[in-house]
>>> print(open('upload34.txt').read())   # compact mmCIF, C-alpha atoms
# COMPACT_ATOMS: atom_id res chain seq x y z
CA MET A 1 117.94 70.67 212.97
CA ASP A 2 118.56 72.21 209.54
CA LEU A 3 115.96 71.20 207.00
CA ALA A 4 116.13 71.48 203.23
CA PHE A 5 113.35 71.13 200.72
CA LEU A 6 115.83 69.29 198.51
CA PRO A 7 117.75 66.61 200.39
CA SER A 8 120.78 64.93 198.85
CA PRO A 9 120.73 61.20 198.05
CA SER A 10 122.45 59.04 200.63
CA THR A 11 124.41 57.26 197.91
CA GLY A 12 125.24 57.65 194.24
CA VAL A 13 125.63 53.93 193.62
CA VAL A 14 123.02 51.17 193.36
CA ASN A 15 124.37 47.62 193.35
CA LEU A 16 122.62 45.26 190.94
CA GLY A 17 124.14 42.08 192.30
CA PRO A 18 127.87 42.30 191.60
CA ILE A 19 127.39 45.22 189.18
CA PRO A 20 127.51 48.77 190.60
CA LEU A 21 125.19 51.20 188.80
CA ARG A 22 126.57 54.70 189.27
CA ALA A 23 123.96 57.44 189.13
CA TYR A 24 126.34 59.97 187.57
CA ALA A 25 127.09 57.69 184.62
CA PHE A 26 123.39 56.78 184.32
CA CYS A 27 122.41 60.46 184.07
CA ILE A 28 125.03 61.06 181.35
CA ILE A 29 123.88 58.02 179.36
CA LEU A 30 120.20 58.94 179.74
CA GLY A 31 120.94 62.46 178.53
CA ILE A 32 122.71 61.09 175.45
CA PHE A 33 119.77 58.85 174.58
CA VAL A 34 117.28 61.72 174.94
CA ALA A 35 119.47 63.92 172.75
CA LEU A 36 119.69 61.22 170.07
CA TRP A 37 115.93 60.66 170.14
CA LEU A 38 115.06 64.34 169.77
CA SER A 39 117.79 65.01 167.21
CA SER A 40 116.70 62.05 165.06
CA ARG A 41 113.15 63.37 164.99
CA ARG A 42 114.31 66.87 164.08
CA TRP A 43 116.62 65.57 161.33
CA ALA A 44 113.85 63.46 159.83
CA ALA A 45 111.48 66.46 159.96
CA ARG A 46 113.99 68.37 157.85
CA GLY A 47 113.95 65.65 155.21
CA GLY A 48 116.93 63.60 156.27
CA TYR A 49 117.24 59.93 157.10
CA LYS A 50 116.89 59.73 160.90
CA GLU A 51 119.52 57.01 161.32
CA THR A 52 122.12 59.48 160.03
CA VAL A 53 122.11 61.12 163.48
CA GLY A 54 123.05 57.86 165.15
CA ASP A 55 125.82 57.25 162.63
CA ILE A 56 127.34 60.66 163.31
CA ALA A 57 126.87 60.27 167.06
CA MET A 58 129.15 57.22 166.93
CA TRP A 59 131.93 59.76 166.36
CA ALA A 60 130.61 62.76 168.30
CA VAL A 61 129.78 61.06 171.62
CA PRO A 62 133.17 59.38 172.31
CA PHE A 63 135.00 62.53 171.24
CA GLY A 64 132.73 64.59 173.49
CA LEU A 65 133.32 62.39 176.53
CA VAL A 66 137.08 62.53 176.04
CA GLY A 67 136.97 66.29 175.48
CA GLY A 68 134.84 66.86 178.56
CA ARG A 69 137.21 64.86 180.73
CA LEU A 70 140.29 66.52 179.29
CA TYR A 71 138.87 69.98 179.99
CA HIS A 72 138.12 69.01 183.58
CA VAL A 73 141.54 67.49 184.20
CA ILE A 74 143.42 70.37 182.54
CA THR A 75 141.50 73.02 184.51
CA SER A 76 141.59 71.07 187.80
CA PRO A 77 144.92 69.21 187.70
CA GLU A 78 145.68 69.35 191.43
CA ALA A 79 143.30 66.50 192.28
CA TYR A 80 145.19 64.19 189.93
CA PHE A 81 148.75 65.45 189.58
CA GLY A 82 149.19 67.69 192.63
CA ALA A 83 150.44 66.80 196.10
CA GLY A 84 148.60 63.68 197.21
CA GLY A 85 146.90 63.36 193.82
CA ASP A 86 146.21 60.09 192.06
CA PRO A 87 146.80 60.29 188.28
CA ILE A 88 144.86 57.11 187.53
CA ARG A 89 141.70 58.75 188.86
CA ALA A 90 141.78 61.08 185.87
CA LEU A 91 140.22 58.14 184.01
CA TYR A 92 137.38 57.66 186.53
CA ILE A 93 134.68 59.54 184.63
CA TRP A 94 131.91 57.96 186.74
CA GLU A 95 133.14 59.88 189.80
CA GLY A 96 132.19 63.17 188.16
CA GLY A 97 134.13 65.76 186.25
CA LEU A 98 133.11 66.48 182.65
CA GLY A 99 133.72 70.02 181.40
CA ILE A 100 130.98 71.04 178.99
CA TRP A 101 133.25 73.36 177.00
CA GLY A 102 135.68 70.55 176.28
CA ALA A 103 132.82 68.18 175.46
CA ILE A 104 131.34 70.63 172.96
CA ALA A 105 134.70 71.45 171.37
CA LEU A 106 136.00 67.91 170.89
CA GLY A 107 132.49 66.52 170.34
CA GLY A 108 132.21 69.02 167.51
CA VAL A 109 135.37 67.59 165.97
CA GLY A 110 133.87 64.11 166.15
CA ALA A 111 130.61 65.37 164.64
CA TRP A 112 132.53 67.05 161.81
CA ILE A 113 134.28 63.76 161.03
CA GLY A 114 130.95 61.92 161.12
CA CYS A 115 129.30 64.50 158.86
CA ARG A 116 132.15 64.24 156.36
CA ARG A 117 131.77 60.47 156.26
CA GLN A 118 128.00 60.73 155.82
CA GLY A 119 128.19 63.54 153.29
CA VAL A 120 125.95 65.95 155.20
CA SER A 121 126.28 69.58 156.21
CA PHE A 122 128.05 70.00 159.55
CA LEU A 123 126.23 73.28 160.25
CA ALA A 124 122.84 71.73 159.48
CA PHE A 125 123.66 68.87 161.83
CA ALA A 126 124.77 71.27 164.57
CA ASP A 127 121.49 73.19 164.29
CA THR A 128 119.52 69.97 164.47
CA VAL A 129 121.20 68.60 167.60
CA ALA A 130 121.42 71.87 169.56
CA PRO A 131 118.14 71.43 171.53
CA GLY A 132 119.04 67.82 172.26
CA VAL A 133 122.45 68.86 173.56
CA ALA A 134 120.78 71.31 175.94
CA LEU A 135 118.42 68.58 177.19
CA ALA A 136 121.32 66.16 177.62
CA GLN A 137 123.04 68.73 179.81
CA ALA A 138 119.86 69.24 181.81
CA ILE A 139 119.65 65.53 182.56
CA GLY A 140 123.36 65.04 183.09
CA ARG A 141 123.48 67.76 185.77
CA TRP A 142 121.45 65.52 188.07
CA GLY A 143 124.54 63.35 188.37
CA ASN A 144 126.07 66.18 190.44
CA TRP A 145 123.12 65.88 192.83
CA PHE A 146 123.85 62.22 193.46
CA ASN A 147 127.55 62.96 193.95
CA GLN A 148 126.85 65.99 196.20
CA GLU A 149 129.24 68.16 194.19
CA LEU A 150 129.43 71.51 192.43
CA TYR A 151 126.85 73.14 194.71
CA GLY A 152 126.76 76.86 195.42
CA ARG A 153 127.12 79.19 198.36
CA PRO A 154 125.38 78.57 201.68
CA THR A 155 121.75 79.68 201.65
CA THR A 156 118.70 79.70 203.92
CA LEU A 157 116.27 79.78 201.00
CA PRO A 158 113.55 77.12 201.23
CA TRP A 159 114.92 75.25 198.20
CA GLY A 160 118.38 74.99 199.71
CA LEU A 161 120.22 71.73 199.10
CA GLU A 162 121.25 69.74 202.16
CA ILE A 163 124.85 68.53 201.93
CA ASP A 164 126.33 65.83 204.16
CA PRO A 165 129.01 67.09 206.60
CA ASP A 166 131.79 65.13 204.90
CA LYS A 167 130.94 66.80 201.56
CA ARG A 168 130.91 70.39 202.88
CA PRO A 169 133.80 72.88 202.64
CA SER A 170 135.85 72.99 205.82
CA GLU A 171 135.15 76.70 206.30
CA THR A 172 131.36 76.14 206.31
CA ILE A 173 131.24 72.74 207.98
CA ASP A 174 128.47 73.91 210.34
CA LEU A 175 126.21 75.10 207.50
CA ALA A 176 123.94 72.43 206.08
CA THR A 177 122.16 74.00 203.10
CA TYR A 178 123.60 75.41 199.86
CA HIS A 179 122.38 76.73 196.52
CA PRO A 180 121.43 73.75 194.29
CA THR A 181 123.35 75.01 191.29
CA PHE A 182 122.86 71.67 189.53
CA LEU A 183 119.11 72.32 189.62
CA TYR A 184 119.47 75.92 188.45
CA GLU A 185 121.51 74.81 185.45
CA SER A 186 119.21 71.88 184.70
CA LEU A 187 116.14 74.13 184.60
CA TRP A 188 118.02 76.76 182.60
CA ASN A 189 119.02 74.17 180.00
CA VAL A 190 115.43 72.96 179.64
CA GLY A 191 114.47 76.56 178.98
CA VAL A 192 117.28 76.87 176.42
CA ALA A 193 116.03 73.75 174.60
CA VAL A 194 112.50 75.16 174.42
CA LEU A 195 113.87 78.50 173.20
CA LEU A 196 115.88 76.83 170.44
CA ILE A 197 112.95 74.76 169.17
CA TRP A 198 110.68 77.82 169.11
CA ALA A 199 113.24 80.22 167.63
CA SER A 200 114.38 77.80 164.91
CA ARG A 201 110.78 77.48 163.74
CA ARG A 202 109.92 81.16 164.16
CA TRP A 203 112.90 82.53 162.25
CA ALA A 204 114.13 79.51 160.24
CA LEU A 205 117.54 79.56 161.90
CA GLY A 206 119.87 77.61 159.64
CA HIS A 207 123.55 77.60 158.69
CA GLY A 208 124.66 77.14 162.30
CA ARG A 209 122.53 79.90 163.80
CA THR A 210 120.46 77.61 166.03
CA PHE A 211 123.64 76.21 167.54
CA ALA A 212 125.05 79.71 167.95
CA LEU A 213 121.89 80.70 169.81
CA TYR A 214 122.37 77.67 172.05
CA ALA A 215 125.95 78.71 172.80
CA ALA A 216 124.91 82.27 173.61
CA ALA A 217 121.90 81.33 175.75
CA TYR A 218 123.75 78.64 177.66
CA SER A 219 126.69 80.97 178.31
CA VAL A 220 124.42 83.56 179.92
CA GLY A 221 123.03 80.97 182.33
CA ARG A 222 126.40 79.39 183.03
CA PHE A 223 127.90 82.78 183.88
CA TRP A 224 125.56 83.59 186.75
CA ILE A 225 125.34 79.98 187.95
CA GLU A 226 129.14 79.68 187.96
CA TYR A 227 129.26 82.87 190.03
CA LEU A 228 127.31 81.05 192.78
CA ARG A 229 129.57 78.01 192.95
CA ILE A 230 132.19 77.64 195.68
CA ASP A 231 134.15 74.59 194.54
CA GLU A 232 137.82 75.19 193.90
CA ALA A 233 138.57 76.76 190.53
CA HIS A 234 141.21 78.92 188.90
CA SER A 235 140.28 82.62 188.94
CA PHE A 236 141.43 85.66 187.00
CA LEU A 237 140.56 89.28 187.82
CA GLY A 238 137.89 88.18 190.28
CA PHE A 239 136.12 85.72 187.99
CA ARG A 240 136.41 81.96 187.68
CA LEU A 241 137.86 80.42 184.52
CA ASN A 242 134.45 79.18 183.40
CA ASN A 243 133.05 82.71 183.77
CA TRP A 244 135.64 84.00 181.34
CA THR A 245 135.00 81.08 179.01
CA SER A 246 131.29 81.93 179.07
CA VAL A 247 132.04 85.53 178.12
CA VAL A 248 134.28 84.49 175.21
CA VAL A 249 131.77 81.93 173.93
CA PHE A 250 128.88 84.40 174.23
CA VAL A 251 130.70 87.11 172.27
CA GLY A 252 131.74 84.63 169.59
CA ALA A 253 128.23 83.17 169.30
CA VAL A 254 126.57 86.58 168.97
CA ALA A 255 129.12 87.66 166.39
CA TYR A 256 128.46 84.51 164.38
CA LEU A 257 124.70 85.09 164.57
CA VAL A 258 125.08 88.60 163.15
CA ILE A 259 127.50 87.59 160.38
CA SER A 260 125.58 84.47 159.37
CA THR A 261 122.27 86.34 159.26
CA ARG A 262 123.76 88.80 156.79
CA ARG A 263 125.25 86.09 154.60
CA HIS A 264 122.58 83.38 154.62
CA THR A 265 118.81 83.10 154.83
CA GLY A 266 116.59 80.13 155.66
CA VAL A 267 117.78 76.61 156.40
CA GLU A 268 119.69 74.01 154.41
CA ASP A 269 117.86 71.26 152.54
CA VAL A 270 119.44 68.21 154.16
CA SER A 271 117.55 65.82 151.89
CA ALA A 272 119.64 67.18 149.01
CA ASP A 273 122.81 67.49 151.04
CA GLY A 274 123.97 63.90 151.07
CA SER A 275 121.47 62.53 153.60
CA LYS A 276 118.95 59.92 152.48
CA THR A 277 115.23 60.40 152.91
CA GLU A 278 114.76 56.65 153.13
CA PRO A 279 117.00 53.62 153.72
CA PRO A 280 118.78 52.35 150.61
CA GLN A 281 116.84 49.59 148.84
CA LYS A 282 118.44 46.32 147.82
CA GLN A 283 118.47 45.81 144.08
CA THR A 284 117.02 42.62 142.64
CA VAL A 285 119.17 40.76 140.13
CA GLY A 286 117.80 41.21 136.63
CA ALA A 287 115.54 44.10 137.57
>>> encode(input="upload34.txt", output="structure tokens")
Amino acid sequence: MDLAFLPSPSTGVVNLGPIPLRAYAFCIILGIFVALWLSSRRWAARGGYKETVGDIAMWAVPFGLVGGRLYHVITSPEAYFGAGGDPIRALYIWEGGLGIWGAIALGGVGAWIGCRRQGVSFLAFADTVAPGVALAQAIGRWGNWFNQELYGRPTTLPWGLEIDPDKRPSETIDLATYHPTFLYESLWNVGVAVLLIWASRRWALGHGRTFALYAAAYSVGRFWIEYLRIDEAHSFLGFRLNNWTSVVVFVGAVAYLVISTRRHTGVEDVSADGSKTEPPQKQTVGA
């Protein structure tokens, strides 16, 4: 019998009476809460009012979820609009399928709107939330474990992930263990979060440079992890679409780091940039 040090869960749904609790959705929600908690602390440490992060997140999170789903559906349309596809399932986010590049892109649009409404610097906000975004990704990836999806090539390594027969590719139906790419990416993202916190303190990375470092560091990890995956994906010149996206994002992030370093030094003062250092006080009549 094939054994794996990391077995897959038997189900991704826990029924609380009549209410199904889907592990994938729970992991996404937990990641968002952790990101908000860390980002609020970092914003307050920079002199801002910590509730500003939550106010901006009211725009960024919905936009990010929509963007992540759109990226997934656009890059994998066959499952929804191809032969035998079911278009309505494009709305079933809890079944898996959120593309991080779409989530970052459209989530950034939502964050920009929120920052404009709050009167704070978008780049300062991006720098503040970057480590939290990385941690949210690290937690969210565990949803793929519960769904037994997006795993890598077959492997006999002792940390191989055991996949149920009905979840395996037809060409490797007799092979039980595969690379746990969800775990690789989760650990990588934790490392990225630690790197960002350290580097932002060590070199005072402001004006969007902390977020650019996040984009570059994440892209490096995503490139080699994507190379291990065997789920269906569009490929060009021997590389999957997400590999090429990683290359483009990495080059753009490094270029921004170089240009921004030459143009700006230090970090923005968010306490003087429209954010409040304390909640507004009610005025007393006649005072």
>>> residues_around(input="upload34.txt", residues="Ala138 of chain A", least_positions_apart="5", cutoff="8 Å", atoms="all atoms listed in the file", output="ChimeraX atom specification")
/A:31,185-190
>>> write_last_selection(input="upload34.txt", atoms="C-alpha atoms", output="PDB file, in the frame of the given file")
ATOM      1  CA  GLY A  31     120.940  62.460 178.530  1.00  0.00           C
ATOM      2  CA  GLU A 185     121.510  74.810 185.450  1.00  0.00           C
ATOM      3  CA  SER A 186     119.210  71.880 184.700  1.00  0.00           C
ATOM      4  CA  LEU A 187     116.140  74.130 184.600  1.00  0.00           C
ATOM      5  CA  TRP A 188     118.020  76.760 182.600  1.00  0.00           C
ATOM      6  CA  ASN A 189     119.020  74.170 180.000  1.00  0.00           C
ATOM      7  CA  VAL A 190     115.430  72.960 179.640  1.00  0.00           C
TER       8      VAL A 190
END
>>> closest_residue(input="upload34.txt", among="A:Gly119, A:Gly252, A:Pro18, A:Pro7", to="Ala216 of chain A", atoms="only C-alpha atoms")
A:Gly252
>>> closest_residue(input="upload34.txt", among="A:Ile100, A:Met58, A:Leu38, A:Ile139", to="Ala25 of chain A", atoms="all atoms listed in the file")
A:Ile139
>>> closest_residue(input="upload34.txt", among="A:Gly102, A:Gly191, A:Pro180, A:Gly266", to="Glu149 of chain A", atoms="all atoms listed in the file")
A:Pro180
>>> residues_around(input="upload34.txt", residues="Tyr92 of chain A", least_positions_apart="5", cutoff="12 Å", atoms="all atoms listed in the file", output="list of chain:residue names")
A:Arg22, A:Tyr24, A:Ala25, A:Leu65, A:Val66, A:Arg69, A:Leu70, A:His72, A:Val73, A:Tyr80, A:Asp86, A:Pro87, A:Gly97, A:Leu98
>>> atom_distance(input="upload34.txt", atom1="atom CA of Asp166 of chain A", atom2="atom CA of Ile74 of chain A")
25.7 Å
>>> residues_around(input="upload34.txt", residues="segment 193-203 of chain A", least_positions_apart="6", cutoff="9 Å", atoms="only C-alpha atoms", output="CSV table (one decimal) with C-alpha atoms, in the coordinates of the input")
chain,number,residue,atom,x,y,z
A,127,ASP,CA,121.5,73.2,164.3
A,130,ALA,CA,121.4,71.9,169.6
A,131,PRO,CA,118.1,71.4,171.5
A,132,GLY,CA,119.0,67.8,172.3
A,133,VAL,CA,122.4,68.9,173.6
A,134,ALA,CA,120.8,71.3,175.9
A,135,LEU,CA,118.4,68.6,177.2
A,209,ARG,CA,122.5,79.9,163.8
A,210,THR,CA,120.5,77.6,166.0
A,211,PHE,CA,123.6,76.2,167.5
A,213,LEU,CA,121.9,80.7,169.8
A,214,TYR,CA,122.4,77.7,172.0
A,217,ALA,CA,121.9,81.3,175.8
A,266,GLY,CA,116.6,80.1,155.7
>>> axis_aligned_box(input="upload34.txt", around="segment 216-220 of chain A", padding_each_side="5 Å", output="JSON")
{"center_x": 124.3, "center_y": 81.1, "center_z": 176.8, "size_x": 14.8, "size_y": 14.9, "size_z": 16.3}
>>> residues_around(input="upload34.txt", residues="Thr261 of chain A", least_positions_apart="4", cutoff="10 Å", atoms="all atoms listed in the file", output="PDB file with C-alpha atoms, in the coordinates of the input")
ATOM      1  CA  LEU A 205     117.540  79.560 161.900  1.00  0.00           C
ATOM      2  CA  GLY A 206     119.870  77.610 159.640  1.00  0.00           C
ATOM      3  CA  HIS A 207     123.550  77.600 158.690  1.00  0.00           C
ATOM      4  CA  GLY A 208     124.660  77.140 162.300  1.00  0.00           C
ATOM      5  CA  ARG A 209     122.530  79.900 163.800  1.00  0.00           C
ATOM      6  CA  ALA A 255     129.120  87.660 166.390  1.00  0.00           C
ATOM      7  CA  TYR A 256     128.460  84.510 164.380  1.00  0.00           C
ATOM      8  CA  LEU A 257     124.700  85.090 164.570  1.00  0.00           C
ATOM      9  CA  THR A 265     118.810  83.100 154.830  1.00  0.00           C
ATOM     10  CA  GLY A 266     116.590  80.130 155.660  1.00  0.00           C
TER      11      GLY A 266
END
>>> residues_around(input="upload34.txt", residues="Val247 of chain A", least_positions_apart="3", cutoff="8 Å", atoms="only C-alpha atoms", output="list in words")
Ser219, Phe223, Asn243, Trp244, Phe250 and Val251 of chain A
>>> closest_residue(input="upload34.txt", among="A:Pro158, A:Pro62, A:Gly67, A:Gly107", to="Ile29 of chain A", atoms="only C-alpha atoms")
A:Pro62
>>> build_atoms(input="upload34.txt", residues="segment 235-265 of chain A", atoms="N, CA and C atoms", output="PDB file, in the frame of the given file")
ATOM      1  N   SER A 235     140.948  81.323 189.112  1.00  0.00           N
ATOM      2  CA  SER A 235     140.280  82.620 188.940  1.00  0.00           C
ATOM      3  C   SER A 235     141.243  83.634 188.362  1.00  0.00           C
ATOM      4  N   PHE A 236     140.673  84.566 187.584  1.00  0.00           N
ATOM      5  CA  PHE A 236     141.430  85.660 187.000  1.00  0.00           C
ATOM      6  C   PHE A 236     140.612  86.931 187.125  1.00  0.00           C
ATOM      7  N   LEU A 237     141.219  87.977 187.686  1.00  0.00           N
ATOM      8  CA  LEU A 237     140.560  89.280 187.820  1.00  0.00           C
ATOM      9  C   LEU A 237     139.189  89.167 188.490  1.00  0.00           C
ATOM     10  N   GLY A 238     139.103  88.296 189.492  1.00  0.00           N
ATOM     11  CA  GLY A 238     137.890  88.180 190.280  1.00  0.00           C
ATOM     12  C   GLY A 238     136.837  87.239 189.730  1.00  0.00           C
ATOM     13  N   PHE A 239     137.089  86.651 188.569  1.00  0.00           N
ATOM     14  CA  PHE A 239     136.120  85.720 187.990  1.00  0.00           C
ATOM     15  C   PHE A 239     136.771  84.358 187.786  1.00  0.00           C
ATOM     16  N   ARG A 240     135.938  83.313 187.915  1.00  0.00           N
ATOM     17  CA  ARG A 240     136.410  81.960 187.680  1.00  0.00           C
ATOM     18  C   ARG A 240     136.673  81.733 186.199  1.00  0.00           C
ATOM     19  N   LEU A 241     137.504  80.724 185.906  1.00  0.00           N
ATOM     20  CA  LEU A 241     137.860  80.420 184.520  1.00  0.00           C
ATOM     21  C   LEU A 241     136.632  80.196 183.661  1.00  0.00           C
ATOM     22  N   ASN A 242     135.648  79.473 184.193  1.00  0.00           N
ATOM     23  CA  ASN A 242     134.450  79.180 183.400  1.00  0.00           C
ATOM     24  C   ASN A 242     133.602  80.432 183.161  1.00  0.00           C
ATOM     25  N   ASN A 243     133.718  81.441 184.049  1.00  0.00           N
ATOM     26  CA  ASN A 243     133.050  82.710 183.770  1.00  0.00           C
ATOM     27  C   ASN A 243     133.647  83.382 182.544  1.00  0.00           C
ATOM     28  N   TRP A 244     134.979  83.399 182.490  1.00  0.00           N
ATOM     29  CA  TRP A 244     135.640  84.000 181.340  1.00  0.00           C
ATOM     30  C   TRP A 244     135.362  83.219 180.065  1.00  0.00           C
ATOM     31  N   THR A 245     135.333  81.898 180.180  1.00  0.00           N
ATOM     32  CA  THR A 245     135.000  81.080 179.010  1.00  0.00           C
ATOM     33  C   THR A 245     133.599  81.404 178.516  1.00  0.00           C
ATOM     34  N   SER A 246     132.662  81.579 179.446  1.00  0.00           N
ATOM     35  CA  SER A 246     131.290  81.930 179.070  1.00  0.00           C
ATOM     36  C   SER A 246     131.234  83.251 178.327  1.00  0.00           C
ATOM     37  N   VAL A 247     132.021  84.225 178.780  1.00  0.00           N
ATOM     38  CA  VAL A 247     132.040  85.530 178.120  1.00  0.00           C
ATOM     39  C   VAL A 247     132.574  85.396 176.693  1.00  0.00           C
ATOM     40  N   VAL A 248     133.675  84.669 176.537  1.00  0.00           N
ATOM     41  CA  VAL A 248     134.280  84.490 175.210  1.00  0.00           C
ATOM     42  C   VAL A 248     133.320  83.767 174.273  1.00  0.00           C
ATOM     43  N   VAL A 249     132.698  82.692 174.757  1.00  0.00           N
ATOM     44  CA  VAL A 249     131.770  81.930 173.930  1.00  0.00           C
ATOM     45  C   VAL A 249     130.553  82.782 173.557  1.00  0.00           C
ATOM     46  N   PHE A 250     130.044  83.552 174.503  1.00  0.00           N
ATOM     47  CA  PHE A 250     128.880  84.400 174.230  1.00  0.00           C
ATOM     48  C   PHE A 250     129.192  85.420 173.143  1.00  0.00           C
ATOM     49  N   VAL A 251     130.325  86.096 173.270  1.00  0.00           N
ATOM     50  CA  VAL A 251     130.700  87.110 172.270  1.00  0.00           C
ATOM     51  C   VAL A 251     130.870  86.458 170.903  1.00  0.00           C
ATOM     52  N   GLY A 252     131.550  85.313 170.864  1.00  0.00           N
ATOM     53  CA  GLY A 252     131.740  84.630 169.590  1.00  0.00           C
ATOM     54  C   GLY A 252     130.433  84.166 168.983  1.00  0.00           C
ATOM     55  N   ALA A 253     129.515  83.659 169.803  1.00  0.00           N
ATOM     56  CA  ALA A 253     128.230  83.170 169.300  1.00  0.00           C
ATOM     57  C   ALA A 253     127.380  84.308 168.739  1.00  0.00           C
ATOM     58  N   VAL A 254     127.347  85.429 169.448  1.00  0.00           N
ATOM     59  CA  VAL A 254     126.570  86.580 168.970  1.00  0.00           C
ATOM     60  C   VAL A 254     127.157  87.124 167.680  1.00  0.00           C
ATOM     61  N   ALA A 255     128.477  87.191 167.618  1.00  0.00           N
ATOM     62  CA  ALA A 255     129.120  87.660 166.390  1.00  0.00           C
ATOM     63  C   ALA A 255     128.779  86.753 165.217  1.00  0.00           C
ATOM     64  N   TYR A 256     128.794  85.441 165.452  1.00  0.00           N
ATOM     65  CA  TYR A 256     128.460  84.510 164.380  1.00  0.00           C
ATOM     66  C   TYR A 256     126.997  84.688 163.943  1.00  0.00           C
ATOM     67  N   LEU A 257     126.100  84.884 164.903  1.00  0.00           N
ATOM     68  CA  LEU A 257     124.700  85.090 164.570  1.00  0.00           C
ATOM     69  C   LEU A 257     124.521  86.294 163.646  1.00  0.00           C
ATOM     70  N   VAL A 258     125.194  87.388 163.957  1.00  0.00           N
ATOM     71  CA  VAL A 258     125.080  88.600 163.150  1.00  0.00           C
ATOM     72  C   VAL A 258     125.651  88.379 161.751  1.00  0.00           C
ATOM     73  N   ILE A 259     126.842  87.797 161.677  1.00  0.00           N
ATOM     74  CA  ILE A 259     127.500  87.590 160.380  1.00  0.00           C
ATOM     75  C   ILE A 259     126.725  86.594 159.523  1.00  0.00           C
ATOM     76  N   SER A 260     126.290  85.488 160.136  1.00  0.00           N
ATOM     77  CA  SER A 260     125.580  84.470 159.370  1.00  0.00           C
ATOM     78  C   SER A 260     124.238  84.979 158.872  1.00  0.00           C
ATOM     79  N   THR A 261     123.565  85.792 159.675  1.00  0.00           N
ATOM     80  CA  THR A 261     122.270  86.340 159.260  1.00  0.00           C
ATOM     81  C   THR A 261     122.415  87.217 158.030  1.00  0.00           C
ATOM     82  N   ARG A 262     123.526  87.937 157.947  1.00  0.00           N
ATOM     83  CA  ARG A 262     123.760  88.800 156.790  1.00  0.00           C
ATOM     84  C   ARG A 262     124.125  88.010 155.545  1.00  0.00           C
ATOM     85  N   ARG A 263     124.746  86.850 155.730  1.00  0.00           N
ATOM     86  CA  ARG A 263     125.250  86.090 154.600  1.00  0.00           C
ATOM     87  C   ARG A 263     124.275  85.028 154.097  1.00  0.00           C
ATOM     88  N   HIS A 264     123.446  84.500 154.991  1.00  0.00           N
ATOM     89  CA  HIS A 264     122.580  83.380 154.620  1.00  0.00           C
ATOM     90  C   HIS A 264     121.154  83.637 155.105  1.00  0.00           C
ATOM     91  N   THR A 265     120.212  83.057 154.415  1.00  0.00           N
ATOM     92  CA  THR A 265     118.810  83.100 154.830  1.00  0.00           C
ATOM     93  C   THR A 265     118.263  81.669 154.816  1.00  0.00           C
TER      94      THR A 265
END
